[in-house]
Structure formats: structure tokens, C-alpha cells
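The structure file model-v1.cif is reproduced below (mmCIF, C-alpha atoms).
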```cif
data_structure
#
loop_
_atom_site.label_atom_id
_atom_site.label_comp_id
_atom_site.auth_asym_id
_atom_site.auth_seq_id
_atom_site.Cartn_x
_atom_site.Cartn_y
_atom_site.Cartn_z
CA GLY A 179 -43.52 135.69 29.57
CA PRO A 180 -44.83 138.66 27.63
CA LEU A 181 -48.14 138.26 25.86
CA SER A 182 -46.99 138.57 22.27
CA GLN A 183 -44.33 135.84 22.51
CA ARG A 184 -46.45 133.16 24.21
CA PRO A 185 -47.68 130.21 22.10
CA LEU A 186 -51.41 129.81 21.62
CA MET A 187 -51.87 126.94 24.10
CA GLU A 188 -50.61 129.06 27.00
CA VAL A 189 -52.91 132.02 26.38
CA ARG A 190 -55.95 132.23 28.68
CA LEU A 191 -59.41 132.81 27.32
CA GLY A 192 -59.63 136.34 28.69
CA GLU A 193 -56.41 137.41 27.00
CA LEU A 194 -57.29 135.87 23.64
CA HIS A 195 -58.46 139.14 22.12
CA ALA A 196 -55.30 140.95 23.17
CA TRP A 197 -53.17 138.11 21.92
CA ILE A 198 -54.80 138.11 18.47
CA SER A 199 -54.17 141.84 18.20
CA THR A 200 -50.43 141.37 18.80
CA CYS A 201 -49.73 138.70 16.19
CA SER A 202 -48.84 139.85 12.68
CA PHE A 203 -51.21 138.96 9.87
CA SER A 204 -48.81 139.77 7.04
CA ALA A 205 -47.80 137.07 4.56
CA GLN A 206 -44.46 136.59 6.28
CA GLY A 207 -46.09 136.46 9.71
CA LEU A 208 -48.66 133.86 8.67
CA LEU A 209 -46.02 131.81 6.87
CA GLY A 210 -43.80 131.92 9.94
CA ALA A 211 -46.70 130.88 12.17
CA ALA A 212 -47.56 127.96 9.87
CA GLN A 213 -43.92 126.85 9.77
CA ARG A 214 -43.61 127.02 13.54
CA ALA A 215 -46.84 125.06 14.02
CA TRP A 216 -45.74 122.34 11.61
CA GLY A 217 -42.28 122.25 13.21
CA SER A 218 -43.66 121.86 16.72
CA TYR A 219 -46.08 119.10 15.57
CA CYS A 220 -43.22 117.23 13.88
CA ALA A 221 -40.92 117.60 16.86
CA LYS A 222 -43.58 116.30 19.23
CA TYR A 223 -45.09 113.34 17.32
CA ILE A 224 -42.81 112.38 14.39
CA HIS A 225 -39.13 113.04 15.19
CA VAL A 226 -38.99 110.71 18.19
CA LYS A 227 -37.13 107.47 18.76
CA GLN A 228 -40.26 105.38 19.40
CA GLY A 229 -43.23 106.89 17.63
CA GLY A 230 -46.53 105.08 17.34
CA PRO A 231 -49.54 105.38 15.05
CA ALA A 232 -50.23 108.79 16.57
CA GLY A 233 -48.09 110.80 14.17
CA ILE A 234 -49.74 110.05 10.85
CA SER A 235 -53.16 108.98 12.19
CA MET A 236 -53.80 112.52 13.45
CA LEU A 237 -52.79 113.89 10.06
CA LEU A 238 -55.10 111.40 8.30
CA ALA A 239 -57.99 112.23 10.65
CA GLY A 240 -57.47 115.94 9.96
CA TYR A 241 -57.39 115.23 6.23
CA CYS A 242 -60.64 113.22 6.48
CA LEU A 243 -62.36 116.04 8.34
CA LEU A 244 -61.12 118.68 5.90
CA SER A 245 -62.18 116.74 2.81
CA TYR A 246 -65.60 116.03 4.41
CA GLY A 247 -65.98 119.72 5.08
CA TRP A 248 -65.02 120.69 1.53
CA ASN A 249 -67.39 118.14 -0.02
CA TYR A 250 -70.27 118.71 2.36
CA GLN A 251 -72.44 120.31 -0.33
CA HIS A 252 -72.03 117.19 -2.48
CA PHE A 253 -72.94 114.87 0.40
CA SER A 254 -76.00 116.82 1.40
CA LYS A 255 -77.26 116.95 -2.18
CA ALA A 256 -76.84 113.16 -2.64
CA SER A 257 -78.68 112.33 0.63
CA TYR A 258 -81.44 114.77 -0.28
CA PHE A 259 -82.14 112.92 -3.51
CA ARG A 260 -81.96 109.44 -1.89
CA ASN A 261 -84.14 110.23 1.11
CA SER A 262 -86.90 111.73 -0.96
CA VAL B 141 -15.70 138.98 -2.75
CA LEU B 142 -15.37 138.46 0.98
CA HIS B 143 -17.41 140.89 3.05
CA THR B 144 -14.78 141.72 5.62
CA THR B 145 -17.19 143.87 7.60
CA ARG B 146 -19.43 140.90 8.45
CA PRO B 147 -18.35 139.28 11.70
CA LEU B 148 -17.93 135.53 11.67
CA HIS B 149 -18.65 133.04 14.46
CA THR B 150 -20.01 135.56 16.91
CA THR B 151 -22.50 133.27 18.68
CA GLN B 152 -21.94 130.17 20.73
CA GLN B 153 -24.22 128.16 18.47
CA SER B 154 -22.68 125.13 16.87
CA LEU B 155 -24.20 122.43 14.69
CA ALA B 156 -22.58 119.51 16.43
CA PRO B 157 -23.13 117.57 18.58
CA VAL B 158 -26.82 117.40 17.70
CA PRO B 159 -29.07 116.98 20.76
CA PRO B 160 -30.55 113.45 20.88
CA LEU B 161 -34.17 112.75 19.88
CA PRO B 162 -36.74 112.34 22.67
CA GLU B 163 -37.55 108.76 23.54
CA LYS B 164 -41.32 108.79 23.20
CA GLY B 165 -43.67 111.14 21.37
CA GLY B 166 -46.64 112.95 22.81
CA GLU B 167 -49.22 110.69 24.43
CA VAL B 168 -52.35 109.96 22.40
CA ARG B 169 -55.40 107.98 23.42
CA HIS B 170 -57.26 105.71 21.00
CA GLY B 171 -54.69 106.44 18.32
CA PHE B 172 -55.48 110.02 17.38
CA ILE B 173 -56.73 112.09 20.34
CA PRO B 174 -53.88 113.78 22.22
CA GLU B 175 -53.71 113.23 25.95
CA GLU B 176 -53.67 117.00 26.53
CA PHE B 177 -57.34 117.11 25.59
CA PHE B 178 -58.28 114.71 28.38
CA GLN B 179 -56.07 116.56 30.87
CA PHE B 180 -57.64 119.83 29.78
CA LEU B 181 -61.14 118.58 30.59
CA TYR B 182 -60.23 116.57 33.72
CA PRO B 183 -60.50 119.37 36.36
CA LYS B 184 -64.00 120.33 35.28
CA THR B 185 -65.61 117.03 34.22
CA GLY B 186 -63.45 114.23 35.66
CA VAL B 187 -62.50 111.10 33.78
CA THR B 188 -65.69 110.52 31.77
CA GLY B 189 -65.98 114.09 30.53
CA PRO B 190 -64.28 113.75 27.15
CA TYR B 191 -66.11 110.49 26.41
CA MET B 192 -69.49 112.08 27.15
CA LEU B 193 -68.48 115.02 24.99
CA GLY B 194 -67.54 112.64 22.18
CA THR B 195 -70.77 110.64 22.40
CA GLY B 196 -72.91 113.73 22.52
CA LEU B 197 -71.08 115.27 19.58
CA LEU B 198 -71.44 112.08 17.54
CA LEU B 199 -75.18 111.80 18.22
CA TYR B 200 -75.69 115.45 17.41
CA LEU B 201 -73.85 115.14 14.11
CA LEU B 202 -75.79 112.02 13.17
CA SER B 203 -79.21 113.28 14.16
CA LYS B 204 -78.87 116.66 12.52
CA GLU B 205 -77.49 114.99 9.39
CA ILE B 206 -74.35 117.09 9.55
CA TYR B 207 -72.65 113.73 9.05
CA VAL B 208 -74.63 111.84 6.41
CA VAL B 209 -74.51 108.05 6.44
CA ASN B 210 -74.01 106.75 2.91
CA HIS B 211 -72.01 104.07 1.10
CA GLU B 212 -68.78 105.84 1.99
CA THR B 213 -69.53 105.35 5.68
CA ALA B 214 -69.62 101.58 5.23
CA ALA B 215 -66.40 101.70 3.22
CA ALA B 216 -64.74 103.85 5.89
CA ALA B 217 -65.86 101.47 8.64
CA CYS B 218 -64.40 98.43 6.82
CA ILE B 219 -61.14 100.23 6.04
CA LEU B 220 -60.78 101.43 9.62
CA THR B 221 -61.39 97.93 11.00
CA VAL B 222 -58.74 96.45 8.73
CA ILE B 223 -56.25 99.20 9.57
CA VAL B 224 -56.74 98.87 13.31
CA TYR B 225 -56.46 95.07 13.14
CA ALA B 226 -53.26 95.32 11.07
CA ILE B 227 -51.69 97.83 13.46
CA LYS B 228 -52.59 95.78 16.51
CA LYS B 229 -51.19 92.60 15.00
CA PHE B 230 -48.08 93.73 13.11
CA GLY B 231 -47.23 96.89 15.02
CA PRO B 232 -44.67 95.51 17.47
CA ASP B 233 -42.86 93.52 14.76
CA VAL B 234 -42.52 96.56 12.54
CA ALA B 235 -41.39 98.60 15.54
CA ALA B 236 -38.74 96.00 16.41
CA PHE B 237 -37.51 95.95 12.81
CA ALA B 238 -37.22 99.75 12.69
CA ASP B 239 -35.43 99.72 16.03
CA LYS B 240 -32.99 97.15 14.72
CA LEU B 241 -32.24 99.33 11.69
CA ASN B 242 -31.63 102.30 13.95
CA GLU B 243 -29.40 100.23 16.20
CA GLU B 244 -27.30 99.13 13.26
CA LYS B 245 -26.87 102.70 12.09
CA MET B 246 -25.89 103.83 15.58
CA ALA B 247 -23.50 100.89 15.99
CA SER B 248 -21.75 101.61 12.69
CA ALA B 249 -21.44 105.32 13.54
CA LEU B 250 -20.09 104.48 17.01
CA ALA B 251 -17.65 101.98 15.53
CA MET B 252 -16.39 104.60 13.09
CA LYS B 253 -15.97 107.10 15.91
CA ASN B 254 -14.13 104.58 18.07
CA ASP B 255 -11.89 103.57 15.20
CA THR B 256 -11.00 107.17 14.50
CA ILE B 257 -10.26 107.77 18.18
CA GLN B 258 -8.10 104.63 18.26
CA THR B 259 -6.16 105.66 15.16
CA LEU B 260 -5.57 109.09 16.62
CA GLN B 261 -4.37 107.55 19.90
CA THR B 262 -1.88 105.32 18.09
CA ALA B 263 -0.77 108.34 16.07
CA ILE B 264 -0.16 110.24 19.31
CA GLU B 265 1.89 107.38 20.71
CA GLU B 266 3.92 107.09 17.51
CA GLU B 267 4.58 110.81 17.67
CA LYS B 268 5.80 110.52 21.27
CA LYS B 269 8.09 107.67 20.28
CA GLU B 270 9.47 109.75 17.45
CA GLN B 271 10.17 112.57 19.89
CA TRP B 272 11.98 110.13 22.16
CA ARG B 273 13.98 108.90 19.18
CA ALA B 274 14.94 112.44 18.31
CA GLU B 275 16.62 112.72 21.69
CA GLY B 276 18.86 109.79 20.78
CA HIS B 277 20.22 111.72 17.86
CA ASN B 278 22.63 113.42 20.27
CA TYR B 279 24.44 110.13 20.88
CA LEU B 280 24.52 109.47 17.16
CA PHE B 281 26.14 112.81 16.49
CA ASP B 282 28.70 112.24 19.25
CA ALA B 283 29.70 108.92 17.73
CA LYS B 284 29.96 110.50 14.31
CA ARG B 285 32.11 113.31 15.68
CA ASN B 286 34.40 110.73 17.30
CA ASN B 287 34.69 108.91 13.98
CA VAL B 288 35.63 112.05 12.16
CA ALA B 289 38.19 113.00 14.78
CA MET B 290 39.74 109.55 14.53
CA LEU B 291 39.96 109.78 10.76
CA LEU B 292 41.64 113.16 11.00
CA GLU B 293 44.13 111.79 13.56
CA ALA B 294 44.95 108.78 11.39
CA ASN B 295 45.46 110.96 8.35
CA TYR B 296 47.72 113.31 10.29
CA ARG B 297 49.86 110.45 11.52
CA GLU B 298 50.13 108.98 8.05
CA ARG B 299 51.36 112.27 6.72
CA LEU B 300 53.85 112.56 9.58
CA LEU B 301 55.20 109.15 8.63
CA THR B 302 55.48 110.17 5.01
CA VAL B 303 57.39 113.31 5.98
CA TYR B 304 59.77 111.27 8.15
CA ASN B 305 60.38 108.75 5.39
CA GLU B 306 61.05 111.42 2.81
CA VAL B 307 63.46 113.29 5.04
CA LYS B 308 65.27 110.04 5.89
CA LYS B 309 65.56 109.16 2.23
CA ARG B 310 67.10 112.51 1.40
CA LEU B 311 69.56 112.26 4.30
CA ASP B 312 70.51 108.70 3.30
CA TYR B 313 71.12 109.93 -0.18
CA GLN B 314 73.49 112.59 1.07
CA VAL B 315 75.33 110.06 3.26
CA ALA B 316 75.62 107.58 0.37
CA LEU B 317 76.83 110.38 -1.85
CA GLN B 318 79.61 111.29 0.57
CA ASN B 319 80.61 107.66 1.02
CA LEU B 320 80.74 107.15 -2.69
CA LYS B 321 82.83 110.23 -3.15
CA ARG B 322 85.35 109.14 -0.49
CA GLN B 323 85.53 105.65 -1.98
CA LYS B 324 86.14 106.99 -5.41
CA GLU B 325 88.85 109.33 -4.11
CA GLN B 326 90.51 106.43 -2.28
CA ASP B 327 90.42 104.18 -5.33
CA HIS B 328 91.67 106.88 -7.55
CA MET B 329 94.55 107.69 -5.19
CA ILE B 330 95.53 104.01 -4.87
CA GLN B 331 95.52 103.61 -8.61
CA TRP B 332 97.52 106.76 -9.08
CA VAL B 333 100.06 105.63 -6.47
CA GLU B 334 100.37 102.21 -8.06
CA LYS B 335 100.76 103.63 -11.48
CA ASN B 336 103.44 105.99 -10.34
CA VAL B 337 105.26 103.24 -8.51
CA VAL B 338 105.17 100.97 -11.51
CA GLN B 339 106.35 103.83 -13.67
CA SER B 340 109.16 104.53 -11.28
CA ILE B 341 110.52 101.03 -11.57
CA THR B 342 113.09 101.72 -14.36
CA PRO B 343 114.42 98.87 -16.45
CA GLN B 344 117.76 98.90 -14.63
CA GLN B 345 116.13 98.56 -11.28
CA GLN B 346 114.04 95.75 -12.73
CA LYS B 347 117.19 93.84 -13.77
CA GLU B 348 118.77 94.42 -10.39
CA SER B 349 115.67 93.23 -8.57
CA ILE B 350 115.38 90.17 -10.79
CA ALA B 351 119.08 89.28 -10.13
CA LYS B 352 118.59 89.72 -6.41
CA CYS B 353 115.54 87.51 -6.51
CA ILE B 354 117.47 84.82 -8.31
CA LEU B 355 120.24 85.00 -5.73
CA ASP B 356 117.71 84.80 -2.94
CA LEU B 357 116.09 81.85 -4.55
CA LYS B 358 119.42 80.06 -4.89
CA ALA B 359 120.15 80.73 -1.26
CA LEU B 360 116.79 79.47 -0.29
CA SER B 361 117.19 76.37 -2.41
CA LYS B 362 120.50 75.71 -0.80
CA SER B 363 119.02 76.03 2.65
CA ALA B 364 116.16 73.81 1.60
CA HIS B 365 118.55 71.17 0.15
CA ALA B 366 120.44 71.37 3.37
CA THR B 367 117.51 70.67 5.58
CA VAL B 368 116.32 67.81 3.44
#
```

Will you turn the file into C-alpha cells for me?
Amino acid sequence: GPLSQRPLMEVRLGELHAWISTCSFSAQGLLGAAQRAWGSYCAKYIHVKQGGPAGISMLLAGYCLLSYGWNYQHFSKASYFRNS
Amino acid sequence: VLHTTRPLHTTQQSLAPVPPLPEKGGEVRHGFIPEEFFQFLYPKTGVTGPYMLGTGLLLYLLSKEIYVVNHETAAAACILTVIVYAIKKFGPDVAAFADKLNEEKMASALAMKNDTIQTLQTAIEEEKKEQWRAEGHNYLFDAKRNNVAMLLEANYRERLLTVYNEVKKRLDYQVALQNLKRQKEQDHMIQWVEKNVVQSITPQQQKESIAKCILDLKALSKSAHATV
């Protein structure tokens, strides 16, 4: 289909720049994109008849990574003091 | 205020029936890596590609101290072991329990639907029977019309009889009246004749008749004495 309406996973690397230029970065556009992303994740891993640990475990792993990234300064400072 | 300019129900979209949920979710390997990642790397690196990538990434993070190993690492390791053990051991039981709950919900909904369909079917049949009964009303009305006609006939004949009786009574009265009149005239005439006759017997005629009777009697007695 046309470039602007394709989801991110179907865009090739060469067209990435063009694709980014077509999507809207307004508040409504970003909110819509976030809602669509969450909706597609839910439809694929959570709203199924026989889900497994995959649904929430990916969310928990993402949360672990995010919180590690946010507290990285704190971790590096603590290890600095202990190692010296 | 109803906005009459807004068109209603223009699209084919409808909220029911809802499409059913897919059977299984997206494939994940080792619990949290989606299968698409492995398929993405398969053409270039084969089967071991993602694992090599993972090992290399892990060693890089550890050696460069991007991921520091502290007390929280030990805690995370213990927690993860417990979680994985619990999922492996109790997973299928929990899944069976959830499936049973779903089954019960579906069964109750299906039962309700079937019951409603059954009630509607019986209602349809009852309606058809009522329509058939309505056809029989024609016979009922015919019978009722016959009844009414018979009543009218009976009433008419009764009244005819009454008329006949009344007329006969009046005629009988006239006949009796005439008879009575003739009788009375006869009686009256007889009495009048008798009275006149008795009046006409003068005393002299009475004496003469008495003398004649005596003579006759003597003659008779003589004839009687003679025979004896």
C-alpha cells in the first residue's frame, strides 16, 4: 500500500526517512499512534483464547529495562563507591 | 433536539455478532522474545544468530559495566528462578481452570440463546394454531345464525297460534251470543204463549172441562169395572 499508511514493521530500511516525514508529530497524531500500538499489542498477545506467559512477561521485561535506564545514574554511582 | 440533518445507519457496520477471539497469541520463545525476531534474523544468520547476538550483547553489557552487578542482581536472579519454576509447575492447572470458567460462561450464554430460540419457536407454533382456530370461527358463526333463525321461526309460529286462538275465541263468542239470543227468544215466546193460553181459559170453560173430565173418568171407571 501507500507509504504513509503502512505500519512500521512493513517499512524497509531505505524508506524509513520518507516514512518518518509522512507521519504526524502533533499531539493528536502521537496519541493516536500510541493508542494503535497498544491496541495491536493487546490484540496479538492478550485478547486471545489461550494466552501464555508472553503477554505480561514482555510488559514486565520492558518495565525492568525502562526502570534500569532511568536509574542508571544511581547504579553507576553506587558501583563507583564500592569498587574503589 | 434531534439533528434531522445527520444521517443514521449509513454504513454496514454492526456491533453484533462480535468476531471470535483468535485461538493462540503471537509466538514467543523463552517467555518474552517474540518469534518474529528469530524469523527476522534467520535468512542472514541461520538458527544460532539470535543466540549469538544475545550472548555477545550480554557480555558487552557486563564487561563495559553498562549493567552493574550488585545486590539487586542476586535478588532478581532468585525472583526469576522462583517465577519460572512456579509457571512451569502450576501453569497448565491455572490454564485448565481458566478454560473451564470460559467454557461455563459460553455454555450458559449458549443455553440462554437456545432457550430463547425454543421459546420463539413454540410462540410461532402457537400463533399458527391460533390462525387455524380463527378459520373455525366460520362454522361457529353458521351455527349461531342457524340458532337465531330457529328462534325467530319458533317465535313467529307462537304468535301465529296466539292470533288463531284469539280469533277463534271471538268467533265462538259471537256464536254463543247468537245461540243465547235464540234460546232466550224461544223461552220467552213459549212463556208468553203459555201465559196467554192460561189466561184464555175462562172460568166457564174451566167448569165445562172439569165436568167433561169427570164424565170421562166415570166412563173409564165403568169400562175398568167391566173388564175386571

- Task: For the structure shown, which residues end up in the PyMOL selection byres ((chain B) within 7 of (chain A))? Put them as JSON, numbers by chain, please?
- Result: {"B": [161, 162, 163, 164, 165, 166, 168, 171, 172, 208]}

- Query: Selected by the PyMOL selection byres ((chain A and resi 186-198) around 12) in the shown coordinates: which residues, as a VMD selection string?
  - Reply: (chain A and resid 179 to 185 199 to 203 211 214 to 215) or (chain B and resid 176 to 177 180)

- Message: Between atom CA of Pro190 of chain B and atom CA of Glu167 of chain B, what is the distance in Å, rounded to a tenth?
- Response: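 Straight-line distance from atom CA of Pro190 of chain B to atom CA of Glu167 of chain B works out to 15.6 Å.
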
- Task: Could you tell me how far atom CA of Glu243 of chain B lies from atom CA of Val158 of chain B, in Å and to one decimal?
- Result: 17.4 Å
